[in-house]
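Peer 1: My structure is stored as data-v1.txt, with compact mmCIF, C-alpha atoms.
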# COMPACT_ATOMS: atom_id res chain seq x y z
CA MET A 1 0.00 0.00 0.00
CA GLN A 2 1.25 3.49 -0.81
CA TYR A 3 1.10 6.43 1.59
CA VAL A 4 1.58 10.04 0.51
CA ALA A 5 1.99 13.32 2.35
CA THR A 6 3.06 16.80 1.31
CA THR A 7 4.71 19.54 3.34
CA LYS A 8 5.31 23.17 2.43
CA VAL A 9 8.40 23.89 4.48
CA SER A 10 8.15 27.25 6.21
CA GLY A 11 10.43 29.66 4.35
CA GLY A 12 11.46 26.78 2.15
CA LYS A 13 10.21 24.42 -0.47
CA LEU A 14 7.48 21.88 -1.15
CA LEU A 15 8.31 18.30 -0.24
CA ARG A 16 6.19 15.26 -1.11
CA VAL A 17 6.94 11.82 0.32
CA LYS A 18 5.49 8.63 -1.13
CA ALA A 19 6.09 5.44 0.85
CA ASP A 20 5.22 1.87 -0.12
CA VAL A 21 4.66 -0.38 2.89
CA GLU A 22 4.81 -4.16 2.88
CA GLY A 23 4.64 -6.91 5.48
CA LEU A 24 2.38 -8.26 8.16
CA GLU A 25 0.55 -6.06 10.62
CA SER A 26 3.16 -6.69 13.30
CA ASN A 27 6.15 -6.09 11.03
CA ARG A 28 5.37 -3.54 8.38
CA VAL A 29 8.38 -2.01 6.67
CA LEU A 30 8.98 0.63 4.02
CA SER A 31 9.70 -1.16 0.73
CA ALA A 32 10.11 1.97 -1.39
CA VAL A 33 10.30 5.70 -0.72
CA SER A 34 10.10 8.57 -3.19
CA LEU A 35 10.99 12.20 -2.45
CA THR A 36 9.67 14.77 -4.90
CA GLY A 37 9.13 18.52 -4.84
CA ASP A 38 10.57 21.87 -5.80
CA PHE A 39 13.51 21.69 -3.40
CA PHE A 40 17.23 21.79 -4.19
CA MET A 41 19.85 19.24 -3.29
CA HIS A 42 23.50 19.16 -4.30
CA PRO A 43 24.53 16.87 -5.82
CA GLU A 44 21.11 16.01 -7.22
CA ASP A 45 21.90 12.30 -7.50
CA GLY A 46 22.10 12.19 -3.70
CA VAL A 47 18.33 12.04 -3.43
CA VAL A 48 18.55 8.33 -4.23
CA ALA A 49 20.71 7.83 -1.13
CA LEU A 50 18.12 9.60 1.01
CA GLU A 51 15.33 7.44 -0.38
CA SER A 52 17.35 4.25 0.06
CA ALA A 53 18.22 5.17 3.66
CA LEU A 54 14.55 4.96 4.59
CA VAL A 55 13.84 1.65 2.88
CA GLY A 56 13.64 -1.16 5.42
CA ALA A 57 12.59 1.09 8.30
CA SER A 58 9.51 0.11 10.24
CA SER A 59 6.38 1.98 9.29
CA ASP A 60 5.70 2.25 13.01
CA ALA A 61 9.05 3.86 13.84
CA ALA A 62 9.33 7.19 15.62
CA ILE A 63 10.25 10.29 13.65
CA GLY A 64 13.66 10.24 15.33
CA GLU A 65 14.57 6.94 13.70
CA TYR A 66 13.82 8.31 10.26
CA VAL A 67 15.94 11.39 11.03
CA SER A 68 18.76 9.17 12.25
CA ARG A 69 18.68 7.05 9.09
CA LEU A 70 18.77 10.18 6.92
CA ASN A 71 21.55 11.82 8.92
CA ASP A 72 23.65 8.69 8.47
CA VAL A 73 23.88 9.48 4.74
CA ILE A 74 23.78 13.29 4.83
CA VAL A 75 27.53 13.70 5.22
CA PRO A 76 28.48 17.38 5.67
CA GLY A 77 30.39 18.56 2.64
CA LYS A 78 29.03 15.71 0.56
CA PHE A 79 25.34 16.54 0.41
CA GLU A 80 23.69 19.92 0.75
CA LEU A 81 19.93 20.20 1.20
CA ILE A 82 18.41 23.58 0.33
CA GLY A 83 14.86 24.50 1.27
CA PHE A 84 14.25 21.43 3.40
CA SER A 85 15.93 19.23 5.99
CA ALA A 86 16.15 15.66 7.22
CA SER A 87 13.61 16.57 9.89
CA ASN A 88 11.18 17.82 7.24
CA ILE A 89 11.52 14.55 5.32
CA ALA A 90 11.03 12.48 8.48
CA GLN A 91 8.01 14.49 9.63
CA THR A 92 6.40 14.31 6.18
CA LEU A 93 7.02 10.57 6.01
CA TRP A 94 5.49 10.13 9.47
CA ASN A 95 2.50 12.23 8.42
CA ALA A 96 2.02 10.01 5.37
CA LEU A 97 2.12 6.87 7.49
CA HIS A 98 -0.20 8.32 10.15
CA PRO A 99 -2.93 10.12 8.20
CA GLU A 100 -5.27 9.82 11.16
CA ALA A 101 -2.94 12.00 13.26
CA SER A 102 -3.35 14.95 10.92
CA VAL A 103 -7.15 14.79 10.80
CA VAL A 104 -8.54 17.72 12.74
CA MET B 1 44.88 38.54 -26.00
CA PRO B 2 43.95 35.75 -28.42
CA SER B 3 41.14 33.51 -27.21
CA ILE B 4 43.26 30.37 -27.39
CA LEU B 5 45.81 31.95 -25.06
CA LYS B 6 43.08 32.91 -22.60
CA LEU B 7 41.80 29.34 -22.66
CA LEU B 8 45.28 27.93 -22.04
CA LEU B 9 45.86 30.33 -19.15
CA TYR B 10 42.53 29.49 -17.60
CA LYS B 11 42.96 25.73 -18.02
CA PHE B 12 46.50 25.31 -16.76
CA TYR B 13 47.17 28.10 -14.30
CA GLU B 14 43.80 28.19 -12.52
CA PRO B 15 44.46 31.56 -10.91
CA VAL B 16 42.23 32.95 -8.18
CA MET B 17 39.98 35.30 -10.09
CA SER B 18 37.28 37.81 -9.41
CA PHE B 19 34.43 38.25 -11.84
CA SER B 20 36.12 41.26 -13.40
CA ASP B 21 39.21 39.09 -14.15
CA ILE B 22 37.30 36.38 -15.99
CA SER B 23 36.97 36.50 -19.75
CA TRP B 24 33.43 35.55 -20.63
CA ARG B 25 31.74 34.35 -23.79
CA LEU B 26 28.36 35.99 -24.40
CA ILE B 27 25.84 34.12 -26.51
CA GLU B 28 23.29 36.73 -27.56
CA LEU B 29 19.55 36.16 -27.28
CA GLU B 30 18.53 33.19 -29.42
CA THR B 31 15.52 30.93 -29.74
CA HIS B 32 15.40 27.13 -29.58
CA ASP B 33 12.97 24.44 -28.56
CA ALA B 34 13.04 23.21 -24.95
CA PHE B 35 15.15 20.14 -25.67
CA THR B 36 17.84 22.08 -27.51
CA ASN B 37 17.89 24.80 -24.86
CA MET B 38 18.54 22.38 -22.01
CA ALA B 39 20.93 20.32 -24.12
CA LEU B 40 22.94 23.45 -24.98
CA ASP B 41 23.24 24.25 -21.27
CA GLU B 42 24.67 20.80 -20.62
CA ALA B 43 26.92 20.78 -23.69
CA CYS B 44 28.26 24.17 -22.62
CA CYS B 45 28.92 22.86 -19.08
CA GLU B 46 30.98 20.06 -20.61
CA SER B 47 32.98 22.37 -22.86
CA VAL B 48 33.63 24.84 -20.02
CA ALA B 49 34.66 21.96 -17.73
CA SER B 50 37.16 20.68 -20.30
CA GLY B 51 38.57 24.14 -20.95
CA GLY B 52 37.24 24.07 -24.49
CA ALA B 53 35.11 27.16 -23.99
CA LEU B 54 35.22 30.31 -21.92
CA PRO B 55 32.80 30.76 -19.02
CA THR B 56 29.57 31.58 -20.74
CA ILE B 57 26.56 33.86 -20.32
CA ARG B 58 23.70 33.08 -22.65
CA PHE B 59 20.19 34.47 -23.19
CA TYR B 60 17.41 32.54 -24.89
CA ARG B 61 13.71 32.07 -25.56
CA TRP B 62 11.64 28.94 -25.98
CA GLN B 63 9.74 28.10 -29.17
CA PRO B 64 7.42 26.26 -28.94
CA SER B 65 6.56 27.53 -25.48
CA ALA B 66 7.34 24.89 -22.88
CA VAL B 67 6.86 23.82 -19.30
CA SER B 68 10.01 22.79 -17.46
CA ILE B 69 9.91 20.87 -14.20
CA GLY B 70 12.56 20.75 -11.53
CA TYR B 71 14.89 17.76 -11.31
CA PHE B 72 13.09 16.38 -8.25
CA GLN B 73 9.53 16.98 -9.34
CA SER B 74 7.08 14.33 -10.44
CA LEU B 75 5.91 15.01 -13.97
CA GLU B 76 2.72 13.10 -13.29
CA ASP B 77 2.01 15.13 -10.16
CA GLU B 78 2.83 18.53 -11.61
CA ILE B 79 1.91 18.70 -15.28
CA ASN B 80 -1.37 18.47 -17.18
CA VAL B 81 0.15 16.52 -20.06
CA GLU B 82 -3.03 16.50 -22.14
CA ALA B 83 -3.45 20.27 -21.84
CA CYS B 84 0.18 20.82 -22.85
CA ALA B 85 -0.24 18.58 -25.89
CA ALA B 86 -3.42 20.37 -26.91
CA ALA B 87 -1.71 23.76 -26.57
CA GLY B 88 1.43 22.65 -28.42
CA VAL B 89 3.53 23.21 -25.32
CA ASP B 90 6.62 21.03 -24.84
CA ILE B 91 7.44 19.41 -21.49
CA ILE B 92 10.97 18.93 -20.21
CA ARG B 93 12.76 18.01 -16.98
CA ARG B 94 15.64 20.30 -16.02
CA ARG B 95 18.96 19.26 -14.50
CA THR B 96 18.30 21.80 -11.77
CA GLY B 97 15.94 21.64 -8.83
CA GLY B 98 13.17 24.10 -8.16
CA GLY B 99 9.61 24.25 -9.38
CA ALA B 100 7.64 23.97 -12.59
CA VAL B 101 8.00 26.97 -14.92
CA TYR B 102 5.90 27.93 -17.92
CA HIS B 103 8.28 29.38 -20.52
CA ASP B 104 5.96 31.38 -22.74
CA TYR B 105 7.64 32.41 -25.99
CA GLU B 106 6.26 35.91 -25.63
CA GLY B 107 6.36 36.08 -21.86
CA GLU B 108 9.94 35.84 -20.63
CA ILE B 109 13.66 35.92 -21.24
CA THR B 110 15.77 33.06 -19.92
CA TYR B 111 19.48 33.20 -19.13
CA SER B 112 22.19 30.72 -18.19
CA VAL B 113 25.53 31.37 -16.52
CA ILE B 114 28.07 28.57 -16.85
CA VAL B 115 31.34 29.02 -14.99
CA PRO B 116 33.95 26.80 -13.31
CA GLU B 117 33.18 26.51 -9.59
CA LYS B 118 36.70 27.62 -8.69
CA MET B 119 36.18 30.89 -10.55
CA LEU B 120 33.02 31.65 -8.63
CA SER B 121 34.85 33.34 -5.81
CA ASP B 122 34.72 36.49 -3.76
CA ALA B 123 37.43 39.16 -3.60
CA SER B 124 39.48 37.05 -1.17
CA GLY B 125 39.42 34.09 -3.51
CA THR B 126 37.01 32.03 -1.40
CA THR B 127 34.70 29.94 -3.56
CA LEU B 128 31.14 31.15 -3.16
CA GLY B 129 28.66 28.81 -1.55
CA ILE B 130 25.35 28.10 -3.20
CA THR B 131 23.40 30.87 -1.46
CA GLU B 132 26.18 33.39 -2.02
CA SER B 133 26.45 32.53 -5.69
CA TYR B 134 22.68 32.88 -6.15
CA HIS B 135 23.03 36.29 -4.55
CA GLU B 136 25.92 37.26 -6.84
CA ILE B 137 24.38 36.17 -10.15
CA CYS B 138 20.90 37.37 -9.20
CA GLY B 139 22.56 40.73 -8.55
CA TRP B 140 23.28 40.93 -12.28
CA ILE B 141 19.54 40.54 -12.97
CA VAL B 142 18.74 43.18 -10.35
CA ARG B 143 21.19 45.49 -12.12
CA GLY B 144 19.55 44.74 -15.46
CA LEU B 145 16.06 45.44 -14.15
CA ALA B 146 17.32 48.72 -12.73
CA GLY B 147 18.31 49.59 -16.29
CA VAL B 148 14.64 49.64 -17.28
CA GLY B 149 13.66 51.50 -14.14
CA ILE B 150 12.53 48.53 -12.05
CA GLU B 151 13.69 48.37 -8.44
CA ALA B 152 14.30 44.75 -7.51
CA ASP B 153 16.06 42.69 -4.88
CA PHE B 154 17.28 39.15 -4.34
CA LYS B 155 14.99 37.11 -2.11
CA PRO B 156 16.53 33.87 -0.83
CA ILE B 157 16.38 31.04 -1.66
CA ASN B 158 16.28 31.67 -5.39
CA ASP B 159 13.88 34.47 -6.29
CA ILE B 160 14.09 38.09 -7.33
CA VAL B 161 11.29 40.41 -6.26
CA ALA B 162 10.37 43.71 -7.89
CA LYS B 163 8.89 46.80 -6.29
CA VAL B 164 5.33 47.36 -7.46
CA GLY B 165 3.60 50.63 -6.68
CA LEU B 166 0.04 50.54 -5.39
CA PRO B 167 -2.70 53.08 -6.09
CA ASP B 168 -2.51 54.40 -2.52
CA GLY B 169 1.14 55.32 -2.98
CA SER B 170 2.53 52.40 -1.01
CA ALA B 171 4.52 49.59 -2.61
CA VAL B 172 4.93 45.85 -2.34
CA PHE B 173 7.57 43.45 -3.65
CA LYS B 174 6.47 40.64 -5.96
CA LYS B 175 8.38 37.82 -7.65
CA ILE B 176 9.65 38.72 -11.12
CA SER B 177 12.38 36.12 -11.59
CA GLY B 178 13.00 32.51 -10.53
CA ASN B 179 16.43 30.89 -10.65
CA ALA B 180 17.98 27.47 -10.22
CA GLN B 181 21.50 26.14 -9.94
CA THR B 182 23.39 22.88 -10.24
CA ARG B 183 27.06 22.09 -9.72
CA ARG B 184 28.44 19.09 -11.56
CA GLY B 185 31.89 18.24 -12.80
CA GLY B 186 33.37 21.34 -11.16
CA VAL B 187 31.11 23.66 -13.14
CA VAL B 188 28.26 25.82 -11.89
CA LEU B 189 25.19 26.18 -14.06
CA GLN B 190 22.69 28.78 -12.96
CA HIS B 191 19.72 29.50 -15.14
CA GLY B 192 16.54 31.44 -14.59
CA THR B 193 13.74 33.40 -16.12
CA ILE B 194 12.84 37.06 -16.07
CA LEU B 195 9.10 37.50 -16.51
CA PHE B 196 8.21 39.90 -19.30
CA ASN B 197 4.49 39.32 -19.00
CA VAL B 198 2.44 36.68 -17.21
CA ASP B 199 -0.70 34.82 -18.22
CA VAL B 200 -1.55 33.10 -14.96
CA ARG B 201 -4.70 31.52 -16.32
CA LYS B 202 -2.81 29.83 -19.17
CA MET B 203 -0.01 28.79 -16.81
CA PHE B 204 -2.50 27.16 -14.45
CA SER B 205 -4.19 25.34 -17.34
CA LEU B 206 -0.90 23.56 -18.05
CA LEU B 207 -0.02 22.65 -14.47
CA LYS B 208 -1.88 20.30 -12.16
CA VAL B 209 -2.93 22.87 -9.64
CA GLY B 210 -6.43 21.59 -9.08
CA LYS B 211 -9.64 23.15 -10.25
CA GLU B 212 -9.94 25.12 -7.05
CA LYS B 213 -6.76 27.01 -7.90
CA ILE B 214 -8.07 28.04 -11.30
CA ALA B 215 -10.88 29.81 -9.54
CA ASP B 216 -10.61 33.56 -9.92
CA LYS B 217 -9.64 34.10 -6.32
CA MET B 218 -6.70 31.70 -6.63
CA ILE B 219 -5.52 33.43 -9.80
CA ALA B 220 -5.80 36.69 -7.94
CA ALA B 221 -3.73 35.16 -5.13
CA VAL B 222 -0.90 34.33 -7.56
CA GLU B 223 -1.13 37.77 -9.12
CA GLU B 224 -0.67 39.09 -5.59
CA ARG B 225 2.74 37.38 -5.42
CA VAL B 226 3.98 37.44 -9.02
CA THR B 227 4.56 40.33 -11.37
CA SER B 228 6.22 41.01 -14.70
CA VAL B 229 8.13 43.75 -16.46
CA THR B 230 5.09 44.86 -18.45
CA HIS B 231 3.03 45.11 -15.29
CA VAL B 232 5.57 47.30 -13.51
CA LYS B 233 6.69 49.29 -16.55
CA PRO B 234 4.21 48.89 -19.43
CA GLU B 235 6.31 51.03 -21.73
CA VAL B 236 9.31 48.66 -21.64
CA THR B 237 9.71 46.54 -24.77
CA ARG B 238 11.26 43.09 -24.82
CA GLU B 239 14.16 44.52 -26.79
CA ALA B 240 14.75 47.18 -24.13
CA LEU B 241 14.57 44.53 -21.40
CA TYR B 242 17.10 42.36 -23.22
CA ASP B 243 19.47 45.28 -23.73
CA ALA B 244 19.23 46.12 -20.02
CA LEU B 245 19.78 42.52 -18.93
CA ARG B 246 22.72 42.18 -21.29
CA ALA B 247 24.23 45.29 -19.73
CA GLY B 248 23.47 44.10 -16.21
CA PHE B 249 25.18 40.75 -16.79
CA THR B 250 28.24 42.12 -18.57
CA ASP B 251 28.86 45.35 -16.65
CA GLY B 252 32.44 45.40 -15.39
CA LYS B 253 33.30 42.11 -17.08
CA LYS B 254 35.64 41.25 -19.90
CA PHE B 255 33.57 39.52 -22.52
CA GLU B 256 33.38 38.77 -26.19
CA VAL B 257 30.27 37.98 -28.16
CA GLY B 258 30.66 34.39 -29.23
CA ALA B 259 28.91 31.50 -30.86
CA TRP B 260 28.47 27.80 -30.16
CA SER B 261 31.26 25.65 -31.50
CA ALA B 262 30.46 22.88 -33.94
CA GLU B 263 31.36 20.39 -31.18
CA GLU B 264 28.91 21.99 -28.73
CA LEU B 265 26.11 21.98 -31.29
CA GLU B 266 26.71 18.34 -32.14
CA ARG B 267 26.90 17.37 -28.46
CA ALA B 268 23.67 19.30 -27.79
CA ARG B 269 21.95 17.46 -30.63
CA ILE B 270 22.96 14.14 -29.11
CA LEU B 271 21.92 15.18 -25.58
CA ALA B 272 18.56 16.42 -26.85
CA ASP B 273 17.88 13.14 -28.65
CA GLU B 274 19.29 10.76 -26.06
CA ARG B 275 18.20 12.50 -22.86
CA TYR B 276 15.95 15.53 -22.97
CA LYS B 277 13.41 14.16 -25.47
CA THR B 278 13.15 10.76 -23.78
CA LYS B 279 10.40 9.45 -21.51
CA GLU B 280 13.08 7.85 -19.34
CA TRP B 281 14.40 11.29 -18.43
CA ASN B 282 11.24 13.35 -18.36
CA GLU B 283 9.17 10.78 -16.48
CA MET B 284 11.90 9.49 -14.16
CA ARG B 285 10.01 10.85 -11.12
Reformat the file's structure so that it appears as structure tokens.

Peer 2:
Amino acid sequence: MQYVATTKVSGGKLLRVKADVEGLESNRVLSAVSLTGDFFMHPEDGVVALESALVGASSDAAIGEYVSRLNDVIVPGKFELIGFSASNIAQTLWNALHPEASVV
Amino acid sequence: MPSILKLLLYKFYEPVMSFSDISWRLIELETHDAFTNMALDEACCESVASGGALPTIRFYRWQPSAVSIGYFQSLEDEINVEACAAAGVDIIRRRTGGGAVYHDYEGEITYSVIVPEKMLSDASGTTLGITESYHEICGWIVRGLAGVGIEADFKPINDIVAKVGLPDGSAVFKKISGNAQTRRGGVVLQHGTILFNVDVRKMFSLLKVGKEKIADKMIAAVEERVTSVTHVKPEVTREALYDALRAGFTDGKKFEVGAWSAEELERARILADERYKTKEWNEMR
């Protein structure tokens, strides 16, 4: 099943996260993640590393785990994110996976 | 100094340079289709990277009109493909990030600046970071707009806003230019558009913005944020705008009006056919 959420980062860019989830109820994991939007990242090819870093994570994980996985690959001087951050990605992913939490 | 000597100096000695020290090639305003325009940017990056061409400033228009999407955008999410086809508007993915842009043949002037990263430095020789280099190059646009009497300023991350007077004598700043940058192979490519006039309704018909956004109040909301040269200064012609931008980009620089080499044109033809016209590239996200 695919989950989608979009965030307009304050003072920044639009970020959309699509996450495919597979597995049993007790062990659901992210099988594919896509990051799209009008943000900037240098080098651009690095977005694949960000997406791959989230694959395999539990869909029930806390936001902090997603941030940690992303920060493992966002090596200072190697990748530069402009208009969004690892926290924005993690929060948007969590929002996608928990649509009920954003219902007012 | 002969061009070949300049190229040899630049390639082998790699001196710390300020913008006024660099010898630039200026490609005057020209018109191509979307695929050729983006392919020429990339071919030029390659030739500048190899030392085969001087750092380059180019101006261009798009015919047919086209929609470009940012490197990270989903074509399916952003573009109304059927509407583009019906309107004869090409669709292309850029190498740069940022958002979807409608490049109306009559409505804008586009520029590219292609320069080795090591030459993009401040007076102390420190290579400019991404934000600083946006600020520097966007300053050339601000200078150009001033040449047609438009007061404008750089607005981070990548926009330029122009001062628009209101009937009550106050003023607001609205977006008049969007810009995007990539750095690959040691070369910086920054390109962007300067809005000459804007047809928000047509732009929205080509993008997937939802029917609610096409409602008059949403169009009005965009017109609240975005402006164009003809809105601020109706008397300015496209020719006058181009002349002013050309002056703004070249002021204080050593430059020579140049042309694409045969190698660049052939490389651009290949890149257009093998990348920019392909579904694999344009629909990769």

Peer 1: For the contact check between chain A and chain B, emit one row per residue of chain A within 9 Å, containing the shortest atom pair and the distance in Å rounded to one decimal, counting all atoms listed in the file, chain then rising number order, as a tab-separated table.

Peer 2:
residue	atom	partner	partner_atom	distance
A:Gly11	CA	B:Ile157	CA	8.6
A:Gly12	CA	B:Ile157	CA	7.5
A:Lys13	CA	B:Gly98	CA	8.2
A:Leu14	CA	B:Gly99	CA	8.8
A:Ser34	CA	B:Arg285	CA	8.3
A:Leu35	CA	B:Phe72	CA	7.5
A:Thr36	CA	B:Gln73	CA	5.0
A:Gly37	CA	B:Gln73	CA	4.8
A:Asp38	CA	B:Gly98	CA	4.2
A:Phe39	CA	B:Gly98	CA	5.3
A:Phe40	CA	B:Gly97	CA	4.8
A:Met41	CA	B:Gly97	CA	7.2
A:His42	CA	B:Thr182	CA	7.0
A:Pro43	CA	B:Arg183	CA	7.0
A:Glu44	CA	B:Tyr71	CA	7.6
A:Val47	CA	B:Phe72	CA	8.3
A:Ile82	CA	B:Ile157	CA	8.0
A:Gly83	CA	B:Ile157	CA	7.3

Peer 1: Please, which residues are within 10 Å of (16.0, 39.5, -2.6) by the file's coordinates, counting all atoms listed in the file, and could they come as a list in words?

Peer 2: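 Output of the proximity query reads His135, Cys138, Gly139, Val142, Ala152, Asp153, Phe154, Lys155, Pro156, Ile157, Asn158, Asp159, Ile160, Val161, Ala162, Phe173 and Lys175 of chain B.
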
Peer 1: I need the residue nearest Val48 (chain A) from this list: A:Ser87, A:Leu93, A:Arg16, A:Ala32. Use only C-alpha atoms for the distance.

Peer 2: A:Ala32

Peer 1: Place a sphere of radius 10 Å on (24.1, 25.9, -26.7) in the file coordinates and name every protein, DNA or RNA residue with an atom inside or on its surface, counting all atoms listed in the file; give the answer as a PyMOL selection string.

Peer 2: chain B and resi 27+30+32+36-45+56+58+60+112+259-261+264-269

Peer 1: For CA of Ala57 (chain A) and CA of Lys8 (chain A), determine how far apart the two atoms are, in Å to one decimal place.

Peer 2: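 Value for the CA of Ala57 (chain A)-CA of Lys8 (chain A) distance: 24.0 Å.
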
Peer 1: Can you pull out the residues contacting Val236 (chain B)? Cut-off 8 Å, using only C-alpha atoms, and skip same-chain residues under 6 positions away; I want them as JSON, numbers by chain.

Peer 2: {"B": [148, 229, 230]}

Peer 1: Would you please work out which residue, of A:Leu70, A:Leu97, A:Ala62, A:Leu50, is nearest to Met1 (chain A) when using all atoms listed in the file?

Peer 2: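 The closest residue to Met1 (chain A) is A:Leu97.
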
Peer 1: Considering only C-alpha atoms, return as JSON, numbers by chain whatever protein or nucleic-acid residues lie within 12 Å of Ala61 (chain A), sequence-local ones (same chain, fewer than 4 positions apart) excluded.

Peer 2: {"A": [27, 28, 29, 30, 54, 56, 57, 65, 66, 67, 68, 69, 90, 91, 93, 94, 95, 97, 98]}

Peer 1: What's around Ile91 (chain B) at 8 Å? Count all atoms listed in the file, leave out sequence neighbours fewer than 2 positions away in its own chain, and write the answer as a VMD selection string.

Peer 2: chain B and resid 34 66 to 69 81 84 89 93 282

Peer 1: Please, what distance in Å, to one decimal, runs between CA of His103 (chain B) and CA of Tyr242 (chain B)?

Peer 2: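 Answer for the CA of His103 (chain B) to CA of Tyr242 (chain B) separation: 15.9 Å.
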
Peer 1: Give me the residues near Lys208 (chain B) as an mmCIF file with C-alpha atoms, keeping the file's coordinate frame, where near means some atom within 8 Å (using all atoms listed in the file) and where sequence neighbours in that chain fewer than 2 positions away do not count.

Peer 2:
data_model
loop_
_atom_site.group_PDB
_atom_site.id
_atom_site.type_symbol
_atom_site.label_atom_id
_atom_site.label_comp_id
_atom_site.auth_asym_id
_atom_site.auth_seq_id
_atom_site.Cartn_x
_atom_site.Cartn_y
_atom_site.Cartn_z
ATOM 1 C CA ASP B 77 2.010 15.130 -10.160
ATOM 2 C CA GLU B 78 2.830 18.530 -11.610
ATOM 3 C CA ILE B 79 1.910 18.700 -15.280
ATOM 4 C CA ASN B 80 -1.370 18.470 -17.180
ATOM 5 C CA PHE B 204 -2.500 27.160 -14.450
ATOM 6 C CA SER B 205 -4.190 25.340 -17.340
ATOM 7 C CA LEU B 206 -0.900 23.560 -18.050
ATOM 8 C CA GLY B 210 -6.430 21.590 -9.080
#

Peer 1: Just how far from CA of Asp60 (chain A) is CA of Glu76 (chain B), in Å to one decimal?

Peer 2: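 Here the two named atoms are 28.6 Å from each other.
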
Peer 1: May I ask which of the residues A:Ser59, A:Gly77, A:Ile89, A:Ala101 is the closest one to Ser26 (chain A), counting all atoms listed in the file?

Peer 2: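 Of A:Ser59, A:Gly77, A:Ile89, A:Ala101, the one nearest Ser26 (chain A), counting all atoms listed in the file, is A:Ser59.
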
Peer 1: Fewer than 2 positions away in the same chain doesn't count, so skip those; otherwise give me all residues within 8 Å of Gln2 (chain A), counting only C-alpha atoms, as a list in words.

Peer 2: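 Returned residues: Val4, Lys18, Ala19, Asp20 and Val21 of chain A.
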